[in-house]
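Chemist: coords.txt is reproduced in full below (compact mmCIF, C-alpha atoms).
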# COMPACT_ATOMS: atom_id res chain seq x y z
CA MET A 20 1.73 -14.33 -2.37
CA ALA A 21 -1.40 -15.99 -1.01
CA SER A 22 -1.93 -17.93 -4.24
CA GLY A 23 -2.70 -21.15 -2.38
CA ASP A 24 -5.86 -19.61 -0.92
CA ALA A 25 -9.02 -20.04 -3.04
CA ARG A 26 -10.17 -16.53 -2.08
CA VAL A 27 -7.34 -15.02 -4.15
CA ALA A 28 -8.93 -16.18 -7.41
CA GLY A 29 -12.14 -14.33 -6.50
CA ILE A 30 -10.18 -11.20 -5.63
CA ALA A 31 -8.21 -11.37 -8.88
CA SER A 32 -11.34 -11.84 -10.99
CA SER A 33 -13.00 -8.84 -9.33
CA ILE A 34 -10.24 -6.44 -10.47
CA ARG A 35 -11.12 -4.77 -13.77
CA VAL A 36 -8.32 -4.07 -16.24
CA ILE A 37 -8.80 -0.95 -18.36
CA PRO A 38 -6.52 -0.77 -21.41
CA ASP A 39 -4.89 2.53 -22.40
CA PHE A 40 -5.79 4.37 -19.19
CA PRO A 41 -4.67 6.97 -18.23
CA LYS A 42 -2.57 6.93 -21.41
CA PRO A 43 -1.88 4.57 -24.33
CA GLY A 44 0.00 1.42 -23.42
CA ILE A 45 -1.06 1.38 -19.74
CA MET A 46 -3.17 -1.53 -18.49
CA PHE A 47 -4.87 0.13 -15.50
CA GLN A 48 -5.71 -2.16 -12.58
CA ASP A 49 -9.06 -0.83 -11.36
CA ILE A 50 -9.91 -1.82 -7.79
CA THR A 51 -13.27 -0.03 -7.79
CA THR A 52 -14.87 -3.22 -9.09
CA LEU A 53 -13.31 -5.14 -6.18
CA LEU A 54 -14.92 -2.61 -3.81
CA LEU A 55 -18.30 -3.22 -5.46
CA ASP A 56 -18.02 -6.94 -4.66
CA PRO A 57 -18.57 -7.30 -0.88
CA LYS A 58 -17.19 -10.86 -0.78
CA ALA A 59 -14.01 -9.95 -2.68
CA PHE A 60 -13.53 -6.82 -0.55
CA ARG A 61 -14.04 -8.77 2.71
CA ASP A 62 -11.76 -11.57 1.52
CA THR A 63 -9.05 -9.00 0.72
CA ILE A 64 -9.22 -7.51 4.21
CA ASP A 65 -9.51 -10.94 5.86
CA LEU A 66 -6.39 -12.27 4.12
CA PHE A 67 -4.35 -9.30 5.31
CA VAL A 68 -5.77 -9.52 8.84
CA GLU A 69 -5.03 -13.25 9.04
CA ARG A 70 -1.43 -12.56 8.03
CA TYR A 71 -0.79 -9.66 10.42
CA LYS A 72 -3.00 -10.26 13.47
CA ASP A 73 -0.25 -11.95 15.50
CA GLN A 74 2.78 -9.96 14.30
CA GLY A 75 2.68 -7.22 16.95
CA ILE A 76 1.88 -4.48 14.42
CA THR A 77 1.26 -1.21 16.29
CA VAL A 78 0.60 1.04 13.30
CA VAL A 79 -0.78 0.61 9.81
CA ALA A 80 0.42 3.34 7.44
CA GLY A 81 -1.79 3.81 4.40
CA VAL A 82 -0.40 5.39 1.24
CA GLU A 83 -2.68 7.98 -0.40
CA ALA A 84 -5.20 7.36 -1.70
CA ARG A 85 -6.10 3.71 -2.06
CA GLY A 86 -4.08 2.72 0.98
CA PHE A 87 -6.76 4.69 2.84
CA ILE A 88 -9.35 2.15 1.66
CA PHE A 89 -7.56 -1.00 2.80
CA GLY A 90 -5.49 0.29 5.73
CA PRO A 91 -8.16 1.39 8.25
CA PRO A 92 -10.15 -1.88 8.35
CA ILE A 93 -6.89 -3.83 8.73
CA ALA A 94 -5.75 -1.50 11.54
CA LEU A 95 -9.06 -1.82 13.39
CA ALA A 96 -9.10 -5.60 13.08
CA ILE A 97 -5.56 -6.04 14.43
CA GLY A 98 -5.82 -3.35 17.12
CA ALA A 99 -3.34 -0.93 15.57
CA LYS A 100 -3.52 2.80 14.91
CA PHE A 101 -3.88 4.08 11.35
CA VAL A 102 -1.56 6.75 9.95
CA PRO A 103 -2.28 8.37 6.58
CA LEU A 104 0.72 9.04 4.35
CA ARG A 105 -0.32 11.90 2.10
CA LYS A 106 0.65 13.93 -0.94
CA PRO A 107 2.13 17.37 -0.17
CA LYS A 108 0.03 20.07 1.51
CA LYS A 109 -2.87 17.78 2.43
CA LEU A 110 -2.14 17.42 6.16
CA PRO A 111 -2.68 20.31 8.57
CA GLY A 112 -0.07 20.95 11.23
CA GLU A 113 3.59 20.01 11.33
CA VAL A 114 4.69 17.29 8.92
CA ILE A 115 7.81 15.44 7.90
CA TYR A 116 8.29 14.24 4.35
CA GLU A 117 10.26 11.99 2.07
CA GLU A 118 10.96 12.97 -1.51
CA TYR A 119 11.08 10.39 -4.29
CA SER A 120 11.72 10.33 -8.03
CA LEU A 121 9.10 10.05 -10.71
CA GLU A 122 9.61 9.38 -14.39
CA TYR A 123 9.79 13.16 -14.92
CA GLY A 124 10.57 15.06 -11.70
CA THR A 125 9.97 14.33 -8.05
CA ASP A 126 7.13 14.05 -5.56
CA LYS A 127 6.82 13.88 -1.78
CA ILE A 128 4.92 11.85 0.75
CA GLU A 129 4.11 13.44 4.12
CA MET A 130 3.17 12.32 7.61
CA HIS A 131 2.21 14.21 10.75
CA VAL A 132 5.06 14.73 13.20
CA GLY A 133 4.45 12.38 16.14
CA ALA A 134 2.08 10.05 14.28
CA GLU A 135 4.68 7.28 14.46
CA GLU A 136 7.13 6.73 17.25
CA ALA A 137 10.41 4.95 17.72
CA ASN A 138 9.79 1.25 18.30
CA ASP A 139 6.44 1.24 16.49
CA ARG A 140 6.04 -1.89 14.38
CA ALA A 141 4.61 -0.68 11.09
CA LEU A 142 2.77 -2.20 8.18
CA VAL A 143 2.69 -0.10 4.99
CA VAL A 144 -0.46 -0.64 2.90
CA ASP A 145 -1.22 0.37 -0.68
CA ASP A 146 -3.37 -1.06 -3.43
CA LEU A 147 -0.56 -1.68 -5.89
CA ILE A 148 3.20 -1.95 -6.22
CA ALA A 149 4.49 -0.89 -9.61
CA THR A 150 7.90 0.81 -9.74
CA GLY A 151 8.16 0.83 -5.94
CA GLY A 152 8.97 4.54 -5.64
CA THR A 153 6.06 5.50 -3.41
CA LEU A 154 6.39 2.44 -1.16
CA CYS A 155 10.13 3.00 -0.83
CA ALA A 156 9.55 6.63 0.20
CA ALA A 157 6.92 5.52 2.72
CA VAL A 158 9.30 2.98 4.26
CA LYS A 159 12.14 5.52 4.47
CA LEU A 160 9.84 8.05 6.12
CA LEU A 161 8.73 5.57 8.77
CA GLU A 162 12.25 4.29 9.40
CA ARG A 163 13.53 7.85 9.78
CA VAL A 164 11.33 8.30 12.88
CA GLY A 165 12.51 4.99 14.30
CA ALA A 166 9.65 2.70 13.33
CA LYS A 167 10.40 -0.88 12.32
CA VAL A 168 8.66 -1.61 9.02
CA VAL A 169 7.57 -5.22 9.31
CA GLU A 170 6.27 -5.52 5.75
CA CYS A 171 4.62 -3.74 2.83
CA ALA A 172 1.23 -5.14 1.85
CA CYS A 173 -0.39 -4.59 -1.55
CA VAL A 174 -3.42 -6.05 -3.24
CA ILE A 175 -1.77 -6.06 -6.69
CA GLU A 176 1.77 -6.26 -8.02
CA LEU A 177 2.97 -5.41 -11.52
CA PRO A 178 6.07 -7.66 -11.47
CA GLU A 179 7.43 -6.47 -14.83
CA LEU A 180 8.07 -3.02 -13.31
CA LYS A 181 10.38 -4.55 -10.66
CA GLY A 182 9.14 -2.46 -7.73
CA ARG A 183 10.48 -5.00 -5.25
CA ASP A 184 14.01 -4.23 -6.42
CA LYS A 185 13.70 -0.64 -5.19
CA LEU A 186 12.70 -1.91 -1.72
CA GLY A 187 15.83 -4.03 -1.35
CA ASP A 188 15.47 -6.71 1.31
CA ARG A 189 12.29 -5.23 2.81
CA PRO A 190 9.50 -7.82 2.64
CA VAL A 191 6.49 -7.28 0.37
CA PHE A 192 3.30 -9.33 0.49
CA VAL A 193 0.84 -9.22 -2.41
CA LEU A 194 -2.38 -11.02 -3.10
CA VAL A 195 -2.52 -10.77 -6.92
CA LYS A 196 0.27 -10.56 -9.47
CA ALA A 197 -1.03 -8.86 -12.61
CA ASP A 198 -0.05 -10.21 -16.00
Would it be possible to restate this file's structure as structure tokens?
Modeler:
Amino acid sequence: MASGDARVAGIASSIRVIPDFPKPGIMFQDITTLLLDPKAFRDTIDLFVERYKDQGITVVAGVEARGFIFGPPIALAIGAKFVPLRKPKKLPGEVIYEEYSLEYGTDKIEMHVGAEEANDRALVVDDLIATGGTLCAAVKLLERVGAKVVECACVIELPELKGRDKLGDRPVFVLVKAD
């Protein structure tokens, strides 16, 4: 975590917490208020860019939907391509997918065939890591086509849900750990 950087406090304070959304007992971490704060938004992108600019990343894979907000500016700044990882039936053309478990049932994450190549060095970006299911599926999908996932990057982590455990020894970098 980038807790030693003063910018992290500004990012953390710009994230609104909405109790009981979308259902009772959930403390929703709302990044829309971060996006309304140009300094916090820029600091978020800058911290990720500073971390990854010299790591030879060739592709940034953004997880739908909020990974689409943070991933493209990071990709542009470090000179990498951006690949959207989407929910089922959202991408035209041929896709490959990875299925993952939800609390009740399963879901899939899809990627265009040929979007990633063997030997790509990938960064997976999402706004939040909770249970780790979506990130784990994203990593497996990228690894299946031969990409090397360098790290997963998230703005927020909900540590009590132990999402890192699902990712095993794959590195995860987060800016803010939610209480």
Chemist: Which residues, written as a VMD selection string, have at least one atom at most 12 Å from Ala28 (chain A), with all atoms listed in the file counted and residues fewer than 5 positions away on the same chain left out?
Modeler: chain A and resid 20 to 23 33 to 34 53 58 to 59 62 to 63 194 to 197
Chemist: Which of these, A:Ile93, A:Leu121, A:Arg163, A:Ala84, has the shortest distance to Glu69 (chain A) once you count only C-alpha atoms?
Modeler: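 For Glu69 (chain A), the nearest of the candidates is A:Ile93.
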Chemist: Taking into account only C-alpha atoms, which residue in the set A:Ile37, A:Leu110, A:Ala149, A:Leu104 is nearest to Arg183 (chain A)?
Modeler: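 Of the candidates, the smallest distance to Arg183 (chain A) is held by A:Ala149.
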Chemist: Can you work out which one of A:Asp56, A:Asp145, A:Glu179, A:Glu162 has the shortest atom-to-atom distance to Phe192 (chain A), counting all atoms listed in the file?
Modeler: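 Using all atoms listed in the file, the shortest distance to Phe192 (chain A) belongs to A:Asp145.
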Chemist: List the neighbours of Ala156 (chain A) out to 9 Å using only C-alpha atoms; skip same-chain residues closer than 4 positions along the sequence, and give me the result as a VMD selection string.
Modeler: chain A and resid 116 to 119 127 to 128 151 to 152 160 to 161
Chemist: Can you list, as a VMD selection string, every protein, DNA or RNA residue that comes within 7 Å of Arg140 (chain A) when you count all atoms listed in the file, leaving out same-chain residues fewer than 6 positions away?
Modeler: chain A and resid 75 to 78 166 to 169
Chemist: Mind checking which residues fall within 12 Å of Leu147 (chain A), counting all atoms listed in the file, ignoring those fewer than 3 positions away in the same chain, and posting them as an NGL selection string?
Modeler: :A and (34 or 47-50 or 81-86 or 89 or 143-144 or 150-154 or 171-178 or 180 or 182-183 or 191-197)
Chemist: CA of Arg35 (chain A) to CA of Phe87 (chain A): how many Å, to one decimal?
Modeler: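 Value for the CA of Arg35 (chain A)-CA of Phe87 (chain A) distance: 19.6 Å.
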Chemist: Report, in Å with one decimal, the straight-line distance from CA of Glu129 (chain A) to CA of Arg105 (chain A).
Modeler: 5.1 Å
Chemist: For each of A:Ile30, A:Lys106, A:Cys155, A:Val68, take the minimum atom-to-atom distance to Asp188 (chain A), counting all atoms listed in the file, then give the residue where this is smallest.
Modeler: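 The closest residue to Asp188 (chain A) is A:Cys155.
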Chemist: I'd like the contact shell of Ala134 (chain A) - 10 Å cut-off, only C-alpha atoms, skipping same-chain residues fewer than 6 positions apart - returned as a PDB file with C-alpha atoms, in the frame of the given file.
Modeler:
ATOM      1  CA  VAL A  78       0.600   1.040  13.300  1.00  0.00           C
ATOM      2  CA  ALA A  80       0.420   3.340   7.440  1.00  0.00           C
ATOM      3  CA  LYS A 100      -3.520   2.800  14.910  1.00  0.00           C
ATOM      4  CA  PHE A 101      -3.880   4.080  11.350  1.00  0.00           C
ATOM      5  CA  VAL A 102      -1.560   6.750   9.950  1.00  0.00           C
ATOM      6  CA  PRO A 103      -2.280   8.370   6.580  1.00  0.00           C
ATOM      7  CA  VAL A 114       4.690  17.290   8.920  1.00  0.00           C
ATOM      8  CA  LEU A 161       8.730   5.570   8.770  1.00  0.00           C
ATOM      9  CA  VAL A 164      11.330   8.300  12.880  1.00  0.00           C
TER      10      VAL A 164
END
Chemist: Using all atoms listed in the file, pick whichever of A:Pro190, A:Pro57, A:Gly90, A:Gly98 has the shortest atom-to-atom distance to Lys72 (chain A).
Modeler: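 Closest to Lys72 (chain A), using all atoms listed in the file: A:Gly98.
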Chemist: Hey, can you check how far CA of Ile97 (chain A) sits from CA of Arg26 (chain A)?
Modeler: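 For CA of Ile97 (chain A) relative to CA of Arg26 (chain A), the distance reads 20.1 Å.
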